[in-house]
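Here is the structure we will look at.
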Amino acid sequence: MTTLADWSLSYQGKVRDLYIPDSASSAASADRLLIVASDRVSAFDVVLAPDIPGKGAALTRISAWWMDVFSDIPQHLLDESPPEEVADRAVIAQSLSMLPVECVVRGYLVGSGWKDYREHGTVCGIALPEGLSEGDRLPEPLFTPATKAALGDHDENISYDEVVDLVGADNARALRDTSLTVYTRAHQVAWERGLVLADTKFEFGRGEKPGEIILADELLTPDSSRYWDVERYQAGGDDRLESFDKQVIRRWLASAWDKTGTPPSLPADIVSTTQERYLELEQRLRG
């Protein structure tokens with residue numbers, strides 16, 4: 001946590017810290033928020049040590065770059081500079097009433113989707129053709145929403161009808177359509193830069209009118225998205241699904257920890273490799 005003049009810490013997540021102006025009594029009453037991306041890293045829903053140096057700044061730059069790409073879509077960023085102490089890893093944003101849905105879009109059969117398909121022939125209840133393999137591109141991107149879990153809990157997949165029950169028909173339709181549109185456009189942008197955008201998740205706040213939503217939180221960062229290298233993916237080797245994120249951490253942790261008690265500290269080589277993956281992705285995207 002960083003102490004900042006004129007700002008008070010309101011909430012600390014796995015990676016991001018949320019500050020409100022000292023004049024506000026709560027996040028709900030604040031007119032704007034300061035969102036700081038830390039260097040913390042999490043896996044299997046726990047925060048690990050040590051931090052990944054420079055990760056917060058890289059995430060902030062990547063998200064800001066994508067927000068600029070999608071400047072035609074209403075978004076939460078304000079044209080106001082954050083405090084100097086956190087200027088490289090923070091943004092100032094509107095204070096929104098957030099919709100309680102993780103808007104996940106899957107374009108490829110991987111992760112929990114692959115596990116679901118092997119067991120049931122579906123992904124989040126959506127039937128898929130037989131004979132697909134891990135990493136295959138899906139016939140079309142799938143909107144597979146989830147509830148947003150509290151720190152330490154797991155997100156739970158929900159149906160589209162459950163999204164309607166949570167936020168109403170107009171907002172549910174806007175969440176689905178906007179999520180699929182952003183993913184489809186972002187997939188093309190990433191592909192042109194030699195990257196496969198396999199899946200991602202978005203968060204939105206309510207606009208003033210029914211069905212009006214505002215893009216919020218991070219956008220298309222390696223903490224919220226899975227990227228692969230196009231050439232490796234098309235070559236079909238064992239490393240075709242190696243992602244530009246904390247996959248190396250998850251793999252090491254799975255072999256070194258039984259998910260009980262305090263997780264072990266990350267070795268120096270795992271930290272440096274993860275750092276390199278984040279920075280390489282940023283360079284590939286932003287040029």
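For the structure tokens, the naming scheme is as follows: chains receive sequential letters (A, B, ...) according to their order of presentation, residues are indexed from 1 within each chain, and ligands are indexed from 1 in presentation order.
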Where does region 169-238 of chain A meet region 107-116 of chain A within 10 Å, residue by residue, with the nearest atom pair and distance in Å to one decimal for each, counting only C-alpha atoms, listed by chain and rising number, as JSON lines?
{"residue": "A:Leu180", "atom": "CA", "partner": "A:Gly107", "partner_atom": "CA", "distance": 9.7}
{"residue": "A:Tyr183", "atom": "CA", "partner": "A:Gly107", "partner_atom": "CA", "distance": 8.4}
{"residue": "A:Thr184", "atom": "CA", "partner": "A:Gly107", "partner_atom": "CA", "distance": 8.7}
{"residue": "A:His187", "atom": "CA", "partner": "A:Gly107", "partner_atom": "CA", "distance": 8.8}
{"residue": "A:Val196", "atom": "CA", "partner": "A:Tyr108", "partner_atom": "CA", "distance": 9.4}
{"residue": "A:Leu197", "atom": "CA", "partner": "A:Gly107", "partner_atom": "CA", "distance": 7.7}
{"residue": "A:Ala198", "atom": "CA", "partner": "A:Tyr108", "partner_atom": "CA", "distance": 5.3}
{"residue": "A:Asp199", "atom": "CA", "partner": "A:Gly107", "partner_atom": "CA", "distance": 5.6}
{"residue": "A:Thr200", "atom": "CA", "partner": "A:Gly107", "partner_atom": "CA", "distance": 8.7}
{"residue": "A:Arg226", "atom": "CA", "partner": "A:Val110", "partner_atom": "CA", "distance": 9.6}
Based on the backbone DSSP call, show me all residues of region 5-110 of chain A assigned alpha helix (DSSP H), as a VMD selection string.
chain A and resid 55 to 69
Written selection (N, CA and C atoms) as an mmCIF file, in the first residue's frame:
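The new file selection.cif reads:
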data_model
loop_
_atom_site.group_PDB
_atom_site.id
_atom_site.type_symbol
_atom_site.label_atom_id
_atom_site.label_comp_id
_atom_site.auth_asym_id
_atom_site.auth_seq_id
_atom_site.Cartn_x
_atom_site.Cartn_y
_atom_site.Cartn_z
ATOM 1 N N LYS A 55 5.534 -4.857 -12.946
ATOM 2 C CA LYS A 55 4.306 -5.446 -13.474
ATOM 3 C C LYS A 55 3.157 -4.448 -13.477
ATOM 4 N N GLY A 56 2.989 -3.699 -12.389
ATOM 5 C CA GLY A 56 1.893 -2.747 -12.312
ATOM 6 C C GLY A 56 1.957 -1.691 -13.396
ATOM 7 N N ALA A 57 3.152 -1.183 -13.652
ATOM 8 C CA ALA A 57 3.316 -0.162 -14.687
ATOM 9 C C ALA A 57 3.030 -0.740 -16.067
ATOM 10 N N ALA A 58 3.492 -1.973 -16.312
ATOM 11 C CA ALA A 58 3.245 -2.614 -17.605
ATOM 12 C C ALA A 58 1.752 -2.838 -17.830
ATOM 13 N N LEU A 59 1.062 -3.320 -16.794
ATOM 14 C CA LEU A 59 -0.383 -3.528 -16.908
ATOM 15 C C LEU A 59 -1.101 -2.215 -17.218
ATOM 16 N N THR A 60 -0.686 -1.143 -16.540
ATOM 17 C CA THR A 60 -1.328 0.155 -16.736
ATOM 18 C C THR A 60 -1.118 0.659 -18.155
ATOM 19 N N ARG A 61 0.093 0.512 -18.663
ATOM 20 C CA ARG A 61 0.376 0.976 -20.029
ATOM 21 C C ARG A 61 -0.394 0.161 -21.065
ATOM 22 N N ILE A 62 -0.453 -1.154 -20.873
ATOM 23 C CA ILE A 62 -1.176 -2.006 -21.820
ATOM 24 C C ILE A 62 -2.660 -1.665 -21.823
ATOM 25 N N SER A 63 -3.245 -1.537 -20.636
ATOM 26 C CA SER A 63 -4.663 -1.220 -20.539
ATOM 27 C C SER A 63 -4.966 0.137 -21.156
ATOM 28 N N ALA A 64 -4.118 1.133 -20.881
ATOM 29 C CA ALA A 64 -4.334 2.471 -21.434
ATOM 30 C C ALA A 64 -4.241 2.447 -22.956
ATOM 31 N N TRP A 65 -3.330 1.638 -23.490
ATOM 32 C CA TRP A 65 -3.189 1.522 -24.946
ATOM 33 C C TRP A 65 -4.456 0.943 -25.557
ATOM 34 N N TRP A 66 -4.985 -0.100 -24.947
ATOM 35 C CA TRP A 66 -6.223 -0.705 -25.461
ATOM 36 C C TRP A 66 -7.403 0.251 -25.300
ATOM 37 N N MET A 67 -7.462 0.981 -24.195
ATOM 38 C CA MET A 67 -8.539 1.942 -24.019
ATOM 39 C C MET A 67 -8.513 2.980 -25.142
ATOM 40 N N ASP A 68 -7.328 3.357 -25.574
ATOM 41 C CA ASP A 68 -7.212 4.303 -26.674
ATOM 42 C C ASP A 68 -7.689 3.673 -27.979
ATOM 43 N N VAL A 69 -7.368 2.382 -28.185
ATOM 44 C CA VAL A 69 -7.844 1.673 -29.374
ATOM 45 C C VAL A 69 -9.373 1.678 -29.419
#
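Here the question is which of A:Ile158, A:Leu279, A:Ser26, A:Gly135 gets nearest to Asp239 (chain A) using only C-alpha atoms, and that residue is A:Gly135.
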Fewer than 6 positions away in the same chain doesn't count, so skip those; otherwise give me all residues within 8 Å of Ser224 (chain A), counting only C-alpha atoms, as a PyMOL selection string.
chain A and resi 200-202+218
Residues of region 104-210 of chain A that approach region 229-235 of chain A to 8 Å or less, counting only C-alpha atoms: could you list each one with the shortest pair of atoms and its distance in Å to one decimal, rows by chain and increasing residue number, as JSON lines?
{"residue": "A:Trp191", "atom": "CA", "partner": "A:Val230", "partner_atom": "CA", "distance": 7.1}
{"residue": "A:Gly194", "atom": "CA", "partner": "A:Val230", "partner_atom": "CA", "distance": 5.1}
{"residue": "A:Leu195", "atom": "CA", "partner": "A:Asp229", "partner_atom": "CA", "distance": 4.8}
{"residue": "A:Val196", "atom": "CA", "partner": "A:Val230", "partner_atom": "CA", "distance": 5.6}
Close residues, Phe204 (chain A) itself excluded, 6 Å, only C-alpha atoms, min 2 positions apart in chain, as an MDAnalysis selection string
chainID A and resid 99 214:216
Who sits within 9 Å of Ser95 (chain A), only C-alpha atoms, same chain under 5 positions skipped, as a PyMOL selection string:
chain A and resi 27-33+76+205
For the selection you just gave me, I'd like the residues written to a file as a compact mmCIF listing (two decimals), in the first residue's frame, keeping N, CA and C atoms.
# COMPACT_ATOMS: atom_id res chain seq x y z
N ALA A 27 -16.49 4.88 -1.31
CA ALA A 27 -16.37 4.80 -2.77
C ALA A 27 -17.68 5.17 -3.44
N ALA A 28 -18.80 4.82 -2.80
CA ALA A 28 -20.11 5.11 -3.38
C ALA A 28 -20.38 6.60 -3.47
N SER A 29 -19.81 7.36 -2.53
CA SER A 29 -20.05 8.80 -2.52
C SER A 29 -18.97 9.60 -3.25
N ALA A 30 -17.91 8.93 -3.66
CA ALA A 30 -16.80 9.62 -4.33
C ALA A 30 -17.17 9.98 -5.76
N ASP A 31 -16.68 11.11 -6.23
CA ASP A 31 -16.95 11.51 -7.61
C ASP A 31 -15.92 10.93 -8.57
N ARG A 32 -14.81 10.46 -8.04
CA ARG A 32 -13.77 9.86 -8.87
C ARG A 32 -12.95 8.91 -8.01
N LEU A 33 -12.24 8.01 -8.66
CA LEU A 33 -11.45 7.00 -7.98
C LEU A 33 -10.03 6.99 -8.53
N HIS A 76 -14.35 4.41 -18.46
CA HIS A 76 -14.35 5.06 -17.16
C HIS A 76 -13.21 6.03 -16.92
N GLY A 205 -19.60 -0.77 -15.83
CA GLY A 205 -20.45 -0.04 -14.90
C GLY A 205 -21.73 0.40 -15.58
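You can rank A:Ser272, A:Ser38, A:Thr147, A:Thr262 by their closest distance to Val86 (chain A) using only C-alpha atoms, and at the top of that list sits A:Ser38.
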Residue neighbourhood Ala87 (chain A), 12 Å, only C-alpha atoms, exclusion window fewer than 2 positions, as a list of chain:residue names
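So, after excluding close chain neighbours, the residues are A:Leu4, A:Leu34, A:Ile35, A:Val36, A:Ala37, A:Ser38, A:Gly56, A:Ala57, A:Thr60, A:Arg61, A:Glu80, A:Ser81, A:Pro82, A:Pro83, A:Glu84, A:Glu85, A:Arg89, A:Ala90, A:Val91, A:Ile92.
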Can you write out the residues you just picked, keeping C-alpha atoms, as a PDB file, in the first residue's frame?
ATOM      1  CA  LEU A   4      -0.873   9.384  -0.869  1.00  0.00           C
ATOM      2  CA  LEU A  34      -7.708   6.449  -8.095  1.00  0.00           C
ATOM      3  CA  ILE A  35      -6.910   2.916  -9.284  1.00  0.00           C
ATOM      4  CA  VAL A  36      -3.332   1.802  -8.649  1.00  0.00           C
ATOM      5  CA  ALA A  37      -1.937  -1.365 -10.215  1.00  0.00           C
ATOM      6  CA  SER A  38       0.577  -2.926  -7.830  1.00  0.00           C
ATOM      7  CA  GLY A  56       1.893  -2.747 -12.312  1.00  0.00           C
ATOM      8  CA  ALA A  57       3.316  -0.162 -14.687  1.00  0.00           C
ATOM      9  CA  THR A  60      -1.328   0.155 -16.736  1.00  0.00           C
ATOM     10  CA  ARG A  61       0.376   0.976 -20.029  1.00  0.00           C
ATOM     11  CA  GLU A  80      -6.761  13.783 -14.939  1.00  0.00           C
ATOM     12  CA  SER A  81      -3.201  12.946 -13.924  1.00  0.00           C
ATOM     13  CA  PRO A  82      -2.676  10.630 -10.941  1.00  0.00           C
ATOM     14  CA  PRO A  83      -0.336  11.594  -8.063  1.00  0.00           C
ATOM     15  CA  GLU A  84       3.331  11.670  -8.983  1.00  0.00           C
ATOM     16  CA  GLU A  85       4.218   8.791  -6.620  1.00  0.00           C
ATOM     17  CA  ARG A  89       0.904   2.629 -12.593  1.00  0.00           C
ATOM     18  CA  ALA A  90      -2.334   4.441 -11.857  1.00  0.00           C
ATOM     19  CA  VAL A  91      -5.355   6.019 -13.509  1.00  0.00           C
ATOM     20  CA  ILE A  92      -8.123   8.286 -12.275  1.00  0.00           C
TER      21      ILE A  92
END
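Each of A:Leu253, A:Leu138, A:Leu175, A:Ile20 was compared to Leu266 (chain A) using only C-alpha atoms, and A:Leu253 turns out to be the nearest.
Comparing the minimum interatomic distances between Gln75 (chain A) and each of A:Pro267, A:Gly207, A:Pro21, A:Pro222, counting only C-alpha atoms, we find that A:Gly207 sits nearest.
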With only C-alpha atoms as the counted atoms, please give the residues lying no more than 8 Å from Ser42 (chain A), apart from itself and same-chain residues fewer than 5 positions off, as a list in words.
Lys14, Val15, Val47 and Leu48 of chain A
